[in-house]
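These notes concern the structure reproduced below.
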Amino acid sequence: MIDYVFPLYRPPAEANSVIIQATYGCSHNGCTFCSMYKSKKYETRDIQELYREIDILAATHPDATKIFLADGDALSLNNEYLIQLLSYLNKAFVRLRRVSVYATAQNLLQKSEEELLQLQRHKLKLLYFGIETGNENLLKKINKGVNADQIIKALNKASNTDIKTSVTVILGLGGDEYTKEHIQDTAKLINQTRLTYLSTLQLGLDNDVKERFYKGFENFTMLNDAQVLQEQERLLSLLNPLNKIIFRSNHASNALHLSGTLPKDKNRLLQELKTALKMGESAFVPPSLRGF
């Protein structure tokens, strides 16, 4: 029996992964739109305690091939700790193919490429990374803690070491006032990186973060579904990736689900958006079936 400390989050793609809670909370924990770890204090767990939990999980899930290291950004752990943890995981789970984590630009910038290569060789293969926006003004307003150039440097550092990146962009993040800058600068940022996966979701704010989020703006007006899909259309039209990117817009928050590979499916995706916008609300996922 593993006593996880809740709330506990993992990406949708990790639904069948074994979860190891290597840290509690998030080392940055300052993004104004995010409520995931506001009730937790960041803490590194004792590695001997983790070993005991790994032994239990390896006994109950002997055929596991994927592991997700929680909480918010386990990549904040120093390399010595991470190498010890990954080595133990590789011994305990004999079929292990991939370890993944949430990661921030701060995490990646603090590590050298050689350190990331060491982690990759120990099967850290995938990072989940929130770009949110490429606009400098919005990055400051949401207290992301890094600028666009740092995000680009961090993502390319990961790709240089063959660690895959699954990144997210938040549509509607700039509201009505900053919609143009948000999309233009986000596309510009993505076009300077080598991502593996790209996902978009729609802005949704829990009640406990609304006041903090709105405080960063003089007059924030939330976009409606049609306006968000117009942002989606502009973003896709401006994307000219350096490599093949698997694109998804199928988060529970999305008004329209899209999937494809960029740049190959760019025209098809744009046509699907144009058709949905012409049809209006009848083509959108009903709000009652969505979540954030």
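So you can find residues: chains in the structure tokens are A, B, ... in the order shown, residues in each start at 1, and ligands are numbered from 1 in order.
Excluding range 49-63 of chain A and any residue on its chain fewer than 5 positions from it, the residues at most 7 Å away by only C-alpha atoms are Ile2, Ala92, Phe93 and Arg95 of chain A.
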Next, dump the selected residues to file, keeping only N, CA and C atoms, as an mmCIF file, in the first residue's frame.
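File written: result.cif
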data_model
loop_
_atom_site.group_PDB
_atom_site.id
_atom_site.type_symbol
_atom_site.label_atom_id
_atom_site.label_comp_id
_atom_site.auth_asym_id
_atom_site.auth_seq_id
_atom_site.Cartn_x
_atom_site.Cartn_y
_atom_site.Cartn_z
ATOM 1 N N ILE A 2 0.658 2.111 -0.963
ATOM 2 C CA ILE A 2 1.412 3.352 -1.064
ATOM 3 C C ILE A 2 0.535 4.502 -0.578
ATOM 4 N N ALA A 92 14.518 -2.516 -10.431
ATOM 5 C CA ALA A 92 13.276 -3.038 -9.857
ATOM 6 C C ALA A 92 12.251 -3.413 -10.932
ATOM 7 N N PHE A 93 12.184 -2.620 -11.988
ATOM 8 C CA PHE A 93 11.214 -2.862 -13.069
ATOM 9 C C PHE A 93 11.984 -3.344 -14.297
ATOM 10 N N ARG A 95 11.172 -4.558 -17.075
ATOM 11 C CA ARG A 95 10.649 -4.253 -18.411
ATOM 12 C C ARG A 95 10.537 -2.746 -18.660
#
Selection near His257 in chain A, 12 Å with only C-alpha atoms, sequence-local residues under 4 positions removed, as a ChimeraX atom specification = /A:199-202,229,232,247-253,269,272-273,276,283-286,290
Which residues of range 30-70 of chain A sit at most 8 Å from range 123-147 of chain A, using only C-alpha atoms? Give each one's shortest atom pair and distance in Å (one decimal place), in chain and ascending residue order, as CSV.
residue,atom,partner,partner_atom,distance
A:Gly30,CA,A:Asn143,CA,6.1
A:Cys31,CA,A:Asn143,CA,5.1
A:Thr32,CA,A:Ile142,CA,5.0
A:Phe33,CA,A:Ile142,CA,6.7
Go ahead and dump the residues you just picked, N, CA and C atoms, as a compact mmCIF listing (two decimals), in the first residue's frame.
# COMPACT_ATOMS: atom_id res chain seq x y z
N GLY A 30 4.42 29.36 -8.63
CA GLY A 30 4.04 30.76 -8.64
C GLY A 30 3.16 31.17 -9.80
N CYS A 31 2.90 30.27 -10.75
CA CYS A 31 2.09 30.62 -11.92
C CYS A 31 0.67 30.98 -11.47
N THR A 32 0.21 32.14 -11.88
CA THR A 32 -1.04 32.66 -11.33
C THR A 32 -2.28 31.90 -11.78
N PHE A 33 -2.20 31.19 -12.91
CA PHE A 33 -3.36 30.47 -13.44
C PHE A 33 -3.50 29.07 -12.83
Check range 116-268 of chain A with DSSP on the backbone and list each residue it calls helix (DSSP H, G or I), as a ChimeraX atom specification.
-> /A:116-121,136-141,148-160,179-190,207-214,225-238,266-268
Please return as a ChimeraX atom specification: the residues of range 9-107 of chain A that backbone DSSP assigns to strand (DSSP E or B).
-> /A:18-21,23-24,43-44,66-70,98-103
Store the residues picked out above in a file with N, CA and C atoms, as a compact mmCIF listing (two decimals), in the first residue's frame.
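Saved the output as selection-v3.txt:
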# COMPACT_ATOMS: atom_id res chain seq x y z
N VAL A 18 3.04 3.55 -13.70
CA VAL A 18 3.25 3.51 -12.26
C VAL A 18 3.69 4.91 -11.82
N ILE A 19 3.09 5.40 -10.75
CA ILE A 19 3.42 6.75 -10.28
C ILE A 19 4.28 6.67 -9.03
N ILE A 20 5.43 7.33 -9.09
CA ILE A 20 6.34 7.44 -7.95
C ILE A 20 6.37 8.91 -7.55
N GLN A 21 6.00 9.21 -6.31
CA GLN A 21 5.95 10.60 -5.86
C GLN A 21 7.32 10.98 -5.29
N THR A 23 8.84 13.99 -5.34
CA THR A 23 8.81 15.26 -4.62
C THR A 23 7.36 15.56 -4.26
N TYR A 24 7.18 16.48 -3.34
CA TYR A 24 5.86 17.01 -3.06
C TYR A 24 5.81 18.43 -3.59
N GLU A 43 8.86 19.82 -1.39
CA GLU A 43 9.70 19.00 -0.51
C GLU A 43 10.31 17.84 -1.30
N THR A 44 11.60 17.62 -1.10
CA THR A 44 12.28 16.46 -1.66
C THR A 44 12.12 15.28 -0.71
N LYS A 66 6.22 1.75 -18.00
CA LYS A 66 6.30 3.21 -17.93
C LYS A 66 6.12 3.69 -16.49
N ILE A 67 6.91 4.68 -16.11
CA ILE A 67 6.84 5.26 -14.76
C ILE A 67 6.77 6.77 -14.90
N PHE A 68 5.90 7.38 -14.10
CA PHE A 68 5.82 8.83 -14.04
C PHE A 68 6.27 9.28 -12.66
N LEU A 69 7.26 10.19 -12.64
CA LEU A 69 7.75 10.73 -11.38
C LEU A 69 7.00 12.01 -11.05
N ALA A 70 6.19 11.97 -10.01
CA ALA A 70 5.46 13.14 -9.53
C ALA A 70 6.32 13.81 -8.44
N ARG A 98 10.41 3.55 -20.17
CA ARG A 98 10.38 5.01 -20.15
C ARG A 98 10.03 5.54 -18.78
N VAL A 99 10.77 6.57 -18.35
CA VAL A 99 10.43 7.36 -17.18
C VAL A 99 10.12 8.77 -17.67
N SER A 100 9.08 9.38 -17.13
CA SER A 100 8.71 10.73 -17.55
C SER A 100 8.44 11.59 -16.32
N VAL A 101 8.50 12.92 -16.52
CA VAL A 101 8.30 13.87 -15.43
C VAL A 101 7.67 15.15 -15.98
N TYR A 102 7.03 15.91 -15.08
CA TYR A 102 6.75 17.31 -15.38
C TYR A 102 8.08 18.06 -15.26
N ALA A 103 8.28 19.08 -16.08
CA ALA A 103 9.52 19.85 -16.00
C ALA A 103 9.25 21.32 -16.30
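Between CA of Glu233 in chain A and CA of Thr165 in chain A there is a distance of 22.8 Å.
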Min atom-atom distance to Val209 in chain A from the set A:Asn107, A:Thr168, A:Gln271, A:Ser35, counting only C-alpha atoms, belongs to A:Ser35
For Ala105 in chain A: contacts at 7 Å, only C-alpha atoms, fewer than 5 positions along chain excluded, given as a short mmCIF file (atom, residue, chain, number, x, y, z; two decimals) with N, CA and C atoms, in the first residue's frame:
data_model
loop_
_atom_site.label_atom_id
_atom_site.label_comp_id
_atom_site.auth_asym_id
_atom_site.auth_seq_id
_atom_site.Cartn_x
_atom_site.Cartn_y
_atom_site.Cartn_z
N GLN A 150 14.58 31.99 -22.64
CA GLN A 150 14.93 30.91 -21.70
C GLN A 150 14.11 29.65 -21.98
N ILE A 151 12.86 29.83 -22.36
CA ILE A 151 12.02 28.67 -22.71
C ILE A 151 12.59 27.97 -23.94
N ALA A 154 15.77 26.13 -23.01
CA ALA A 154 15.49 24.95 -22.20
C ALA A 154 14.97 23.80 -23.05
#
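The smallest atom-to-atom distance between Gln120 in chain A and any of A:Ile152, A:Leu96, A:Leu86, A:Leu223, using only C-alpha atoms, is found for A:Leu86.
For the pair CA of Asn90 in chain A and CA of Ala74 in chain A, the separation is 17.1 Å.
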Using only C-alpha atoms, find the one residue out of A:Phe220, A:Tyr197, A:Thr161, A:Asn191 that sits nearest to Tyr178 in chain A.
-> A:Phe220
If you count only C-alpha atoms, the residue of A:Ile190, A:Leu116, A:Leu238, A:Ala255 closest to Gly291 in chain A turns out to be A:Ala255
